[in-house]
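entry-v7.csv follows (CSV, C-alpha atoms):
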chain,number,residue,atom,x,y,z
A,1,MET,CA,-22.0,-32.2,118.0
A,2,LYS,CA,-18.5,-33.4,118.6
A,3,LYS,CA,-17.9,-33.3,114.8
A,4,ALA,CA,-19.0,-29.6,114.7
A,5,PHE,CA,-16.6,-28.9,117.5
A,6,ILE,CA,-13.7,-30.2,115.5
A,7,LEU,CA,-14.8,-28.7,112.2
A,8,LEU,CA,-15.4,-25.2,113.5
A,9,PRO,CA,-11.8,-24.3,114.3
A,10,PHE,CA,-10.8,-25.7,110.9
A,11,PHE,CA,-13.4,-23.5,109.2
A,12,LEU,CA,-12.3,-20.5,111.2
A,13,PHE,CA,-8.7,-21.2,110.4
A,14,PHE,CA,-9.6,-21.3,106.7
A,15,ILE,CA,-11.3,-17.9,106.8
A,16,VAL,CA,-8.6,-16.2,108.8
A,17,GLY,CA,-6.0,-17.7,106.6
A,18,CYS,CA,-7.7,-16.4,103.5
A,19,GLN,CA,-8.0,-12.9,105.0
A,20,TYR,CA,-4.3,-13.1,105.9
A,21,LYS,CA,-3.3,-13.9,102.4
A,22,GLU,CA,-5.3,-11.0,101.0
A,23,GLY,CA,-3.8,-8.6,103.5
A,24,GLN,CA,-0.4,-9.9,102.8
A,25,ALA,CA,-0.8,-9.6,99.1
A,26,ALA,CA,-1.9,-5.9,99.5
A,27,LEU,CA,1.0,-5.3,101.8
A,28,ASP,CA,3.5,-6.9,99.4
A,29,GLN,CA,2.2,-4.7,96.7
A,30,MET,CA,2.7,-1.6,98.8
A,31,GLU,CA,6.2,-2.8,99.8
A,32,THR,CA,7.1,-3.3,96.1
A,33,LYS,CA,5.9,0.3,95.4
A,34,ALA,CA,8.0,1.7,98.3
A,35,ALA,CA,11.1,-0.3,97.1
A,36,LEU,CA,10.7,1.0,93.6
A,37,GLU,CA,10.3,4.6,94.8
A,38,GLN,CA,13.5,4.2,96.8
A,39,GLN,CA,15.4,2.9,93.8
A,40,ASN,CA,14.1,5.8,91.7
A,41,LYS,CA,15.2,8.3,94.3
A,42,ASP,CA,18.6,6.6,94.6
A,43,LEU,CA,19.0,6.9,90.8
A,44,ILE,CA,18.4,10.6,91.0
A,45,VAL,CA,20.9,11.0,93.9
A,46,LYS,CA,23.5,9.1,91.9
A,47,TYR,CA,22.8,11.3,88.8
A,48,ILE,CA,23.3,14.5,90.9
A,49,GLN,CA,26.5,13.1,92.4
A,50,ALA,CA,27.7,12.4,88.9
A,51,TRP,CA,27.1,16.1,88.0
A,52,ASN,CA,29.2,17.1,91.0
A,53,ASN,CA,32.0,14.6,90.2
A,54,GLN,CA,31.7,15.5,86.5
A,55,ASP,CA,31.7,11.8,85.9
A,56,MET,CA,30.3,11.4,82.4
A,57,GLU,CA,30.4,7.7,82.5
A,58,VAL,CA,28.2,7.4,85.6
A,59,MET,CA,25.9,10.1,84.3
A,60,ASP,CA,25.5,8.2,80.9
A,61,GLY,CA,24.7,5.1,82.9
A,62,CYS,CA,21.8,6.9,84.5
A,63,LEU,CA,20.2,8.2,81.3
A,64,ASP,CA,18.0,6.5,78.8
A,65,PRO,CA,19.0,6.8,75.1
A,66,ASP,CA,15.7,8.7,74.6
A,67,PHE,CA,16.4,11.0,77.5
A,68,LYS,CA,15.0,14.5,77.1
A,69,VAL,CA,15.6,17.7,79.1
A,70,TYR,CA,12.9,20.4,79.2
A,71,ILE,CA,14.2,23.9,80.3
A,72,PRO,CA,11.8,25.6,81.0
A,73,SER,CA,9.6,22.7,82.1
A,74,SER,CA,7.1,23.0,79.3
A,75,ALA,CA,9.6,23.7,76.5
A,76,GLU,CA,8.3,22.7,73.1
A,77,GLU,CA,11.7,21.7,72.0
A,78,PRO,CA,13.4,19.6,74.6
A,79,MET,CA,17.1,18.8,74.4
A,80,SER,CA,18.0,15.3,73.2
A,81,LEU,CA,20.8,13.3,74.9
A,82,GLU,CA,23.3,14.5,72.3
A,83,GLN,CA,22.3,18.1,72.8
A,84,PHE,CA,22.4,17.7,76.5
A,85,ARG,CA,26.0,16.4,76.4
A,86,GLU,CA,27.0,19.4,74.3
A,87,TRP,CA,25.3,21.8,76.7
A,88,LEU,CA,26.9,20.1,79.7
A,89,LYS,CA,30.4,20.8,78.2
A,90,VAL,CA,29.5,24.5,77.8
A,91,ILE,CA,28.3,24.7,81.4
A,92,LEU,CA,31.3,22.8,82.8
A,93,THR,CA,33.7,24.9,80.8
A,94,ALA,CA,32.2,28.2,81.9
A,95,PHE,CA,31.6,27.0,85.5
A,96,PRO,CA,34.2,24.3,86.3
A,97,ASP,CA,33.3,24.3,90.0
A,98,SER,CA,29.6,23.7,89.4
A,99,HIS,CA,28.0,22.2,92.5
A,100,TYR,CA,24.4,21.0,93.0
A,101,GLU,CA,23.0,20.6,96.5
A,102,ALA,CA,19.7,18.7,96.8
A,103,GLU,CA,17.5,20.6,99.4
A,104,ASP,CA,14.5,18.3,99.0
A,105,ILE,CA,13.8,15.1,97.2
A,106,PHE,CA,10.6,13.0,97.1
A,107,CYS,CA,9.0,10.5,94.8
A,108,GLU,CA,5.6,9.1,93.7
A,109,ARG,CA,6.0,6.0,91.6
A,110,ASN,CA,8.0,6.9,88.5
A,111,ARG,CA,8.3,10.7,89.1
A,112,ILE,CA,10.8,12.3,91.4
A,113,CYS,CA,10.7,15.9,92.5
A,114,VAL,CA,14.0,17.6,93.5
A,115,ARG,CA,14.6,21.1,94.8
A,116,TRP,CA,18.2,22.1,94.6
A,117,THR,CA,20.6,25.0,94.9
A,118,TYR,CA,23.4,25.4,92.3
A,119,SER,CA,26.5,27.3,93.1
A,120,ALA,CA,29.5,28.0,90.8
A,121,THR,CA,32.1,30.6,89.7
A,122,GLN,CA,32.1,31.9,86.1
A,123,GLN,CA,35.6,31.0,85.1
A,124,GLY,CA,35.0,30.6,81.3
A,125,GLU,CA,33.0,32.3,78.6
A,126,TYR,CA,29.2,32.1,79.0
A,127,MET,CA,26.6,33.5,76.6
A,128,GLY,CA,29.2,35.7,75.0
A,129,MET,CA,30.5,37.0,78.3
A,130,PRO,CA,34.1,36.4,79.1
A,131,ALA,CA,35.2,34.8,82.4
A,132,SER,CA,34.1,37.2,85.1
A,133,GLY,CA,35.0,35.4,88.3
A,134,ARG,CA,31.5,36.1,89.5
A,135,LYS,CA,30.0,33.7,92.0
A,136,VAL,CA,26.5,32.6,91.4
A,137,SER,CA,23.9,30.8,93.5
A,138,VAL,CA,20.7,29.6,91.8
A,139,SER,CA,17.7,27.6,93.0
A,140,ALA,CA,15.5,25.2,90.9
A,141,ILE,CA,12.8,22.7,91.2
A,142,GLU,CA,12.8,19.7,88.8
A,143,ILE,CA,10.6,16.7,88.0
A,144,PHE,CA,12.3,13.6,86.7
A,145,ARG,CA,10.6,10.7,85.1
A,146,VAL,CA,12.2,7.2,85.4
A,147,GLY,CA,11.5,4.0,83.6
A,148,ASN,CA,13.3,0.6,83.8
A,149,GLY,CA,16.0,2.1,86.0
A,150,LYS,CA,16.9,4.9,83.6
A,151,ILE,CA,16.0,8.6,83.6
A,152,LEU,CA,13.7,9.3,80.7
A,153,GLU,CA,12.9,12.9,81.3
A,154,GLU,CA,14.1,15.9,83.3
A,155,ARG,CA,11.9,19.0,83.5
A,156,THR,CA,13.5,22.1,85.0
A,157,GLU,CA,12.3,25.4,86.4
A,158,MET,CA,15.1,27.5,87.7
A,159,ASP,CA,15.7,31.1,88.8
A,160,ALA,CA,17.2,32.0,85.4
A,161,LEU,CA,16.5,35.7,86.0
A,162,GLY,CA,18.4,35.6,89.3
A,163,LEU,CA,21.3,33.9,87.5
A,164,MET,CA,21.4,36.6,84.8
A,165,GLN,CA,21.3,39.3,87.4
A,166,GLN,CA,24.1,37.7,89.4
A,167,LEU,CA,26.2,37.4,86.1
A,168,GLY,CA,25.4,41.1,85.4
A,169,LEU,CA,23.7,40.2,82.1
A,170,VAL,CA,20.4,41.7,83.3
A,171,THR,CA,19.7,44.7,85.5
A,172,LEU,CA,16.7,44.9,87.7
A,173,GLY,CA,14.1,47.5,87.0
A,174,LYS,CA,14.7,47.6,83.3
B,1,MET,CA,-5.5,-38.4,119.8
B,2,LYS,CA,-8.9,-36.8,119.5
B,3,LYS,CA,-7.8,-34.1,121.9
B,4,LEU,CA,-4.8,-33.3,119.8
B,5,SER,CA,-6.9,-32.9,116.7
B,6,VAL,CA,-9.0,-30.3,118.4
B,7,VAL,CA,-6.1,-28.4,120.1
B,8,PHE,CA,-3.9,-28.3,117.0
B,9,PRO,CA,-6.2,-26.3,114.7
B,10,VAL,CA,-6.9,-24.0,117.6
B,11,ILE,CA,-3.2,-23.2,118.1
B,12,LEU,CA,-2.8,-22.8,114.4
B,13,LEU,CA,-5.8,-20.4,114.3
B,14,LEU,CA,-4.3,-18.4,117.1
B,15,PHE,CA,-1.0,-18.2,115.3
B,16,VAL,CA,-2.4,-17.2,112.0
B,17,SER,CA,-4.8,-14.6,113.5
B,18,CYS,CA,-1.8,-13.0,115.3
B,19,GLN,CA,0.1,-12.6,112.1
B,20,ASN,CA,-3.1,-11.4,110.5
B,21,LYS,CA,-3.3,-8.6,113.1
B,22,GLU,CA,0.2,-7.5,112.4
B,23,THR,CA,-0.4,-7.5,108.7
B,24,GLN,CA,-3.6,-5.6,109.2
B,25,ALA,CA,-1.9,-3.0,111.3
B,26,ALA,CA,0.8,-2.5,108.7
B,27,LEU,CA,-1.8,-2.4,106.0
B,28,ASP,CA,-3.9,0.2,107.9
B,29,GLU,CA,-0.8,2.4,108.3
B,30,VAL,CA,-0.1,2.3,104.5
B,31,LYS,CA,-3.8,3.0,103.8
B,32,ALA,CA,-3.8,6.0,106.2
B,33,LYS,CA,-0.8,7.4,104.4
B,34,SER,CA,-2.3,7.0,101.0
B,35,GLU,CA,-5.6,8.6,102.1
B,36,LEU,CA,-3.7,11.5,103.6
B,37,GLU,CA,-1.8,11.9,100.4
B,38,GLU,CA,-5.0,12.0,98.4
B,39,GLN,CA,-6.4,14.6,100.7
B,40,ASN,CA,-3.3,16.7,100.4
B,41,LYS,CA,-3.4,16.5,96.6
B,42,ALA,CA,-7.1,17.4,96.6
B,43,LEU,CA,-6.4,20.4,98.8
B,44,VAL,CA,-3.7,21.7,96.5
B,45,GLU,CA,-5.9,21.2,93.5
B,46,LYS,CA,-8.7,23.1,95.2
B,47,TYR,CA,-6.3,25.9,96.0
B,48,LEU,CA,-5.1,26.1,92.4
B,49,GLN,CA,-8.7,26.3,91.2
B,50,THR,CA,-9.1,29.4,93.2
B,51,TRP,CA,-6.3,31.0,91.1
B,52,ASN,CA,-8.6,30.5,88.1
B,53,SER,CA,-11.9,31.5,89.8
B,54,GLN,CA,-10.1,34.3,91.8
B,55,ASN,CA,-12.1,33.2,94.8
B,56,PHE,CA,-10.3,34.6,97.8
B,57,GLN,CA,-12.7,33.1,100.3
B,58,ILE,CA,-11.9,29.5,99.2
B,59,MET,CA,-8.3,30.4,98.8
B,60,ASP,CA,-8.2,31.6,102.4
B,61,GLU,CA,-9.8,28.3,103.6
B,62,CYS,CA,-6.9,26.4,102.0
B,63,LEU,CA,-4.2,28.4,103.7
B,64,ASP,CA,-2.7,28.2,107.2
B,65,ASP,CA,-2.3,31.4,109.2
B,66,GLU,CA,1.4,30.8,109.0
B,67,PHE,CA,1.4,30.3,105.3
B,68,LYS,CA,4.5,31.5,103.4
B,69,ILE,CA,5.3,31.8,99.7
B,70,TYR,CA,9.0,31.3,98.7
B,71,LEU,CA,9.7,32.9,95.4
B,72,PRO,CA,12.2,31.8,94.2
B,73,SER,CA,12.1,28.5,96.0
B,74,ASN,CA,15.0,29.1,98.4
B,75,THR,CA,14.5,32.7,99.2
B,76,GLY,CA,15.4,33.8,102.8
B,77,GLN,CA,12.6,36.2,102.7
B,78,PRO,CA,9.3,34.4,102.0
B,79,MET,CA,6.0,36.4,101.8
B,80,SER,CA,3.6,36.1,104.7
B,81,LEU,CA,-0.1,35.4,104.2
B,82,GLU,CA,-0.9,39.1,104.2
B,83,LYS,CA,1.9,39.9,101.7
B,84,SER,CA,0.9,37.0,99.5
B,85,LYS,CA,-2.6,38.3,99.2
B,86,GLU,CA,-1.4,41.7,98.2
B,87,TRP,CA,0.9,40.2,95.6
B,88,ILE,CA,-1.9,37.9,94.2
B,89,ASP,CA,-4.2,41.0,94.1
B,90,GLY,CA,-1.7,42.8,92.0
B,91,LEU,CA,-1.2,39.8,89.7
B,92,PHE,CA,-5.0,39.5,89.1
B,93,ALA,CA,-5.2,43.3,88.4
B,94,THR,CA,-2.4,43.1,85.8
B,95,TYR,CA,-3.6,39.9,84.2
B,96,PRO,CA,-7.4,39.7,84.8
B,97,ASP,CA,-7.9,36.6,82.6
B,98,ILE,CA,-4.9,34.6,83.9
B,99,HIS,CA,-5.6,30.9,83.7
B,100,TYR,CA,-3.6,28.0,85.2
B,101,GLU,CA,-3.6,24.4,84.0
B,102,ILE,CA,-2.1,21.6,86.1
B,103,GLN,CA,0.2,19.5,83.9
B,104,ASP,CA,1.6,17.1,86.5
B,105,MET,CA,1.2,16.4,90.2
B,106,LEU,CA,3.0,14.1,92.6
B,107,VAL,CA,2.7,13.6,96.4
B,108,ASP,CA,4.7,12.1,99.2
B,109,ASN,CA,3.3,12.5,102.7
B,110,ASP,CA,3.0,16.2,103.4
B,111,LYS,CA,4.7,17.4,100.2
B,112,VAL,CA,2.9,18.0,96.9
B,113,CYS,CA,4.7,18.9,93.7
B,114,VAL,CA,2.8,20.6,90.9
B,115,ARG,CA,3.9,21.5,87.4
B,116,TRP,CA,1.6,24.0,85.7
B,117,THR,CA,1.4,26.2,82.7
B,118,CYS,CA,-0.6,29.4,82.5
B,119,THR,CA,-1.8,31.9,79.9
B,120,ALA,CA,-2.8,35.5,80.2
B,121,THR,CA,-3.5,38.6,78.1
B,122,TYR,CA,-1.1,41.4,78.7
B,123,GLN,CA,-2.2,44.9,77.9
B,124,PRO,CA,0.8,47.2,78.0
B,125,ASP,CA,-1.4,50.3,77.6
B,126,PRO,CA,-4.8,50.1,79.5
B,127,GLY,CA,-6.1,53.0,77.3
B,128,ASP,CA,-5.5,51.0,74.1
B,129,PRO,CA,-7.5,47.7,74.2
B,130,THR,CA,-6.2,46.8,70.7
B,131,ASN,CA,-2.7,46.5,72.0
B,132,ARG,CA,-2.9,43.0,73.5
B,133,LYS,CA,-0.4,40.2,73.9
B,134,GLU,CA,-1.0,36.5,74.7
B,135,ILE,CA,1.6,35.3,77.2
B,136,THR,CA,2.3,31.8,78.3
B,137,GLY,CA,4.2,30.7,81.4
B,138,SER,CA,5.3,27.6,83.3
B,139,ALA,CA,6.3,26.6,86.8
B,140,ILE,CA,7.1,23.8,89.2
B,141,GLU,CA,6.1,24.2,92.8
B,142,ILE,CA,6.4,22.3,96.1
B,143,TYR,CA,3.6,22.7,98.6
B,144,ARG,CA,3.7,21.5,102.2
B,145,VAL,CA,0.4,20.6,103.9
B,146,VAL,CA,-0.1,20.3,107.6
B,147,ASN,CA,-3.4,19.3,109.2
B,148,GLY,CA,-5.4,20.0,106.1
B,149,LYS,CA,-4.0,23.5,105.5
B,150,ILE,CA,-1.2,24.7,103.1
B,151,THR,CA,1.7,26.0,105.2
B,152,GLU,CA,4.3,26.5,102.4
B,153,GLU,CA,4.4,27.2,98.7
B,154,ARG,CA,7.8,27.1,97.0
B,155,VAL,CA,7.9,28.4,93.4
B,156,GLU,CA,10.2,28.3,90.5
B,157,SER,CA,8.7,29.8,87.4
B,158,ASP,CA,9.9,30.8,84.0
B,159,THR,CA,10.1,34.5,84.9
B,160,GLN,CA,12.7,35.2,82.3
B,161,GLY,CA,10.5,33.8,79.4
B,162,TRP,CA,7.5,35.7,80.8
B,163,ASN,CA,9.5,39.0,80.8
B,164,GLN,CA,10.8,38.4,77.3
B,165,GLN,CA,7.3,37.9,76.0
B,166,MET,CA,6.2,41.1,77.7
B,167,GLY,CA,9.1,42.8,75.9
B,168,LEU,CA,11.0,43.6,79.1
Hey, can you dump this file as structure tokens for me?
Amino acid sequence: MKKAFILLPFFLFFIVGCQYKEGQAALDQMETKAALEQQNKDLIVKYIQAWNNQDMEVMDGCLDPDFKVYIPSSAEEPMSLEQFREWLKVILTAFPDSHYEAEDIFCERNRICVRWTYSATQQGEYMGMPASGRKVSVSAIEIFRVGNGKILEERTEMDALGLMQQLGLVTLGK
Amino acid sequence: MKKLSVVFPVILLLFVSCQNKETQAALDEVKAKSELEEQNKALVEKYLQTWNSQNFQIMDECLDDEFKIYLPSNTGQPMSLEKSKEWIDGLFATYPDIHYEIQDMLVDNDKVCVRWTCTATYQPDPGDPTNRKEITGSAIEIYRVVNGKITEERVESDTQGWNQQMGL
């Protein structure tokens, strides 16, 4: 009887300790997921900041060599990293004051959703149209895919029609 | 000595079970969040299915009375529930066979992001059934879900590509 009295707490200790370990392992897993999601979000914030600073070096550091841009989001022929760099030059020449403001950003595992507003002034040639001095404000929602700390994919839907209207390249009602 | 050998495991047991409770509480919180996220995702999926079945009754069940559609995503003049219904009515009338397919979906708490593509037949002249065009579209949306109802839908879609295919 005395023996049982001594053994019982040990036995209980063993069971509780086991449960604790399982719970802790599940919690650790969740914490790792949350930490990874935070890192992925931070990477996208850094990338958007690099756009605003026009810092190509930081931007390059965020992108995977196999990086692809899909505009619109289901484009059959995405831009490669090389094509993206060329396109970036065109945009920044036409709109040197390009600014992106993230309105919303959230993440699930390796995918990050960003809603942003873009504002700029057309100070150079764009789509055959000479500098107009027009101010534009355009909204977009994107999904980024991240792997091993680099951006692999950027899928964009933006208010392109609104942009064309603001630049006077399209008239409503036609 | 014997006393100590009894008291010691009891103290240890108390200590471990305390920690266990804290861990359990943290774990329960994480589990509740992930359950809520699954529910929110399922609701948005159910809602998007009604765009294919054109079932307004189920659509209504998914939407909050204060539901608003933002088109484009940052518009200062979102559509109310009433206006949204009129707009969707018009869309179904113009494209009776419109079909949506979810390509990607991600969730964080109350926000659900969906990327979809759609196809529809466009008939420029209703009197001429031979004049038909297959049109494809794409979009990325952000939904907000509160208490099991969709309160907000923010849309960016390839309107330009759609209009081009229609010959506008």
If you take only C-alpha atoms and a cut-off of 7 Å, which residues of chain A touch chain B, and what are their nearest atom pairs and distances in Å to one decimal, in chain and number order, as a Markdown table?
| residue | atom | partner | partner_atom | distance |
| --- | --- | --- | --- | --- |
| A:Ile6 | CA | B:Val6 | CA | 5.5 |
| A:Pro9 | CA | B:Val10 | CA | 5.9 |
| A:Phe10 | CA | B:Pro9 | CA | 6.0 |
| A:Phe13 | CA | B:Leu13 | CA | 4.9 |
| A:Val16 | CA | B:Ser17 | CA | 6.3 |
| A:Gly17 | CA | B:Val16 | CA | 6.5 |
| A:Tyr20 | CA | B:Asn20 | CA | 5.0 |
| A:Gly23 | CA | B:Thr23 | CA | 6.3 |
| A:Gln24 | CA | B:Thr23 | CA | 6.4 |
| A:Leu27 | CA | B:Leu27 | CA | 5.8 |
| A:Pro72 | CA | B:Asp158 | CA | 6.3 |
| A:Ser73 | CA | B:Ser138 | CA | 6.6 |
| A:Ser74 | CA | B:Ser138 | CA | 6.4 |
| A:Phe106 | CA | B:Asp108 | CA | 6.3 |
| A:Cys107 | CA | B:Asp108 | CA | 6.4 |
| A:Glu108 | CA | B:Leu106 | CA | 5.7 |
| A:Cys113 | CA | B:Cys113 | CA | 6.8 |
| A:Ser139 | CA | B:Asn74 | CA | 6.2 |
| A:Ala140 | CA | B:Glu156 | CA | 6.2 |
| A:Ile141 | CA | B:Ile140 | CA | 6.1 |
| A:Glu157 | CA | B:Glu156 | CA | 5.4 |
| A:Met158 | CA | B:Glu156 | CA | 5.7 |
| A:Asp159 | CA | B:Glu156 | CA | 6.4 |
| A:Ala160 | CA | B:Gln160 | CA | 6.3 |
| A:Leu161 | CA | B:Gln160 | CA | 5.3 |
| A:Lys174 | CA | B:Leu168 | CA | 6.9 |
What lies within 10 Å of B:Thr94 using only C-alpha atoms, ignoring chain neighbours under 3 positions off, as an MDAnalysis selection string? chainID B and resid 88:91 97:98 120:124 126
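Going from atom CA of B:Pro96 over to atom CA of B:Glu82, you cover 20.5 Å.
With distances restricted to all atoms listed in the file, A:Ser98 is the closest residue to A:Ser137 from A:Ser98, A:Glu103, A:Val170, A:Glu86.
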Counting only C-alpha atoms, note down every residue that has an atom within 12 Å of the point (-8.2, 28.5, 105.8) (file coordinates), as a PyMOL selection string. chain B and resi 43+46-47+56-67+81+145-151
Would you kindly return, as a PyMOL selection string, each protein, DNA or RNA residue with an atom no farther than 8 Å from any atom of A:Tyr100, considering all atoms listed in the file and excluding same-chain residues fewer than 4 positions away? chain A and resi 48+51-52+116-119
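Atom CA of B:Ile69 sits 10.2 Å away from atom CA of B:Lys85.
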Can you work out the spacing between atom CA of B:Asp110 and atom CA of B:Arg144 in Å, to one decimal? 5.5 Å
Would you be able to write out as a count of residues only which residues have an atom within 9 Å of (1.8, 32.5, 73.3) in the file's coordinates, counting only C-alpha atoms? 8
Near-A:Met79 list (6 Å; all atoms listed in the file; drop same-chain fewer than 2 positions) as a VMD selection string: chain A and resid 68 to 69 83 to 84
Keeping only C-alpha atoms, write the selected residues as a CSV table (one decimal), in the coordinates of the input.
chain,number,residue,atom,x,y,z
A,68,LYS,CA,15.0,14.5,77.1
A,69,VAL,CA,15.6,17.7,79.1
A,83,GLN,CA,22.3,18.1,72.8
A,84,PHE,CA,22.4,17.7,76.5
Which is closer to A:Glu37 than all the others in A:Ala25, A:Leu81, A:Ile105, A:Ala120, using all atoms listed in the file? A:Ile105
Distance query A:Leu167 at most 8 Å, only C-alpha atoms, self and fewer than 5 positions along chain excluded, as a PDB file with C-alpha atoms, in the frame of the given file:
ATOM      1  CA  SER A 132      34.100  37.200  85.100  1.00  0.00           C
ATOM      2  CA  ARG A 134      31.500  36.100  89.500  1.00  0.00           C
ATOM      3  CA  LYS A 135      30.000  33.700  92.000  1.00  0.00           C
ATOM      4  CA  VAL A 136      26.500  32.600  91.400  1.00  0.00           C
TER       5      VAL A 136
END
Surrounding residues of A:Gly133 excluding itself and chain neighbours under 5 positions, 7 Å, all atoms listed in the file, as a VMD selection string: chain A and resid 121 to 123
Selected residues, C-alpha atoms, written as a JSON list (two decimals), keeping the file's coordinate frame, please.
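Listing of again_39.json after writing:
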[["chain", "number", "residue", "atom", "x", "y", "z"],
["A", 121, "THR", "CA", 32.10, 30.60, 89.70],
["A", 122, "GLN", "CA", 32.10, 31.90, 86.10],
["A", 123, "GLN", "CA", 35.60, 31.00, 85.10]]
With N, CA and C atoms as the target, complete stretch 54-68 of chain A and hand it back as a PDB file, in the frame of the given file.
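And here is the file that came out, rebuild_8.pdb:
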ATOM      1  N   GLN A  54      31.514  15.390  87.963  1.00  0.00           N
ATOM      2  CA  GLN A  54      31.700  15.500  86.500  1.00  0.00           C
ATOM      3  C   GLN A  54      32.134  14.192  85.932  1.00  0.00           C
ATOM      4  N   ASP A  55      31.432  13.170  86.367  1.00  0.00           N
ATOM      5  CA  ASP A  55      31.700  11.800  85.900  1.00  0.00           C
ATOM      6  C   ASP A  55      30.705  11.433  84.820  1.00  0.00           C
ATOM      7  N   MET A  56      31.151  11.637  83.596  1.00  0.00           N
ATOM      8  CA  MET A  56      30.300  11.400  82.400  1.00  0.00           C
ATOM      9  C   MET A  56      29.832   9.981  82.284  1.00  0.00           C
ATOM     10  N   GLU A  57      30.702   9.082  82.690  1.00  0.00           N
ATOM     11  CA  GLU A  57      30.400   7.700  82.500  1.00  0.00           C
ATOM     12  C   GLU A  57      29.207   7.274  83.427  1.00  0.00           C
ATOM     13  N   VAL A  58      29.281   7.676  84.687  1.00  0.00           N
ATOM     14  CA  VAL A  58      28.200   7.400  85.600  1.00  0.00           C
ATOM     15  C   VAL A  58      26.908   8.067  85.160  1.00  0.00           C
ATOM     16  N   MET A  59      27.068   9.320  84.712  1.00  0.00           N
ATOM     17  CA  MET A  59      25.900  10.100  84.300  1.00  0.00           C
ATOM     18  C   MET A  59      25.228   9.384  83.083  1.00  0.00           C
ATOM     19  N   ASP A  60      26.047   8.958  82.111  1.00  0.00           N
ATOM     20  CA  ASP A  60      25.500   8.200  80.900  1.00  0.00           C
ATOM     21  C   ASP A  60      24.774   6.977  81.372  1.00  0.00           C
ATOM     22  N   GLY A  61      25.314   6.312  82.384  1.00  0.00           N
ATOM     23  CA  GLY A  61      24.700   5.100  82.900  1.00  0.00           C
ATOM     24  C   GLY A  61      23.321   5.317  83.480  1.00  0.00           C
ATOM     25  N   CYS A  62      23.063   6.563  83.941  1.00  0.00           N
ATOM     26  CA  CYS A  62      21.800   6.900  84.500  1.00  0.00           C
ATOM     27  C   CYS A  62      20.715   7.233  83.494  1.00  0.00           C
ATOM     28  N   LEU A  63      21.167   7.619  82.300  1.00  0.00           N
ATOM     29  CA  LEU A  63      20.200   8.200  81.300  1.00  0.00           C
ATOM     30  C   LEU A  63      19.821   7.198  80.237  1.00  0.00           C
ATOM     31  N   ASP A  64      18.553   7.266  79.888  1.00  0.00           N
ATOM     32  CA  ASP A  64      18.000   6.500  78.800  1.00  0.00           C
ATOM     33  C   ASP A  64      18.455   7.061  77.463  1.00  0.00           C
ATOM     34  N   PRO A  65      18.649   6.235  76.428  1.00  0.00           N
ATOM     35  CA  PRO A  65      19.000   6.800  75.100  1.00  0.00           C
ATOM     36  C   PRO A  65      18.027   7.847  74.612  1.00  0.00           C
ATOM     37  N   ASP A  66      16.767   7.713  75.037  1.00  0.00           N
ATOM     38  CA  ASP A  66      15.700   8.700  74.600  1.00  0.00           C
ATOM     39  C   ASP A  66      15.527   9.807  75.604  1.00  0.00           C
ATOM     40  N   PHE A  67      16.500   9.974  76.480  1.00  0.00           N
ATOM     41  CA  PHE A  67      16.400  11.000  77.500  1.00  0.00           C
ATOM     42  C   PHE A  67      16.184  12.402  76.889  1.00  0.00           C
ATOM     43  N   LYS A  68      15.306  13.163  77.565  1.00  0.00           N
ATOM     44  CA  LYS A  68      15.000  14.500  77.100  1.00  0.00           C
ATOM     45  C   LYS A  68      15.026  15.490  78.288  1.00  0.00           C
TER      46      LYS A  68
END
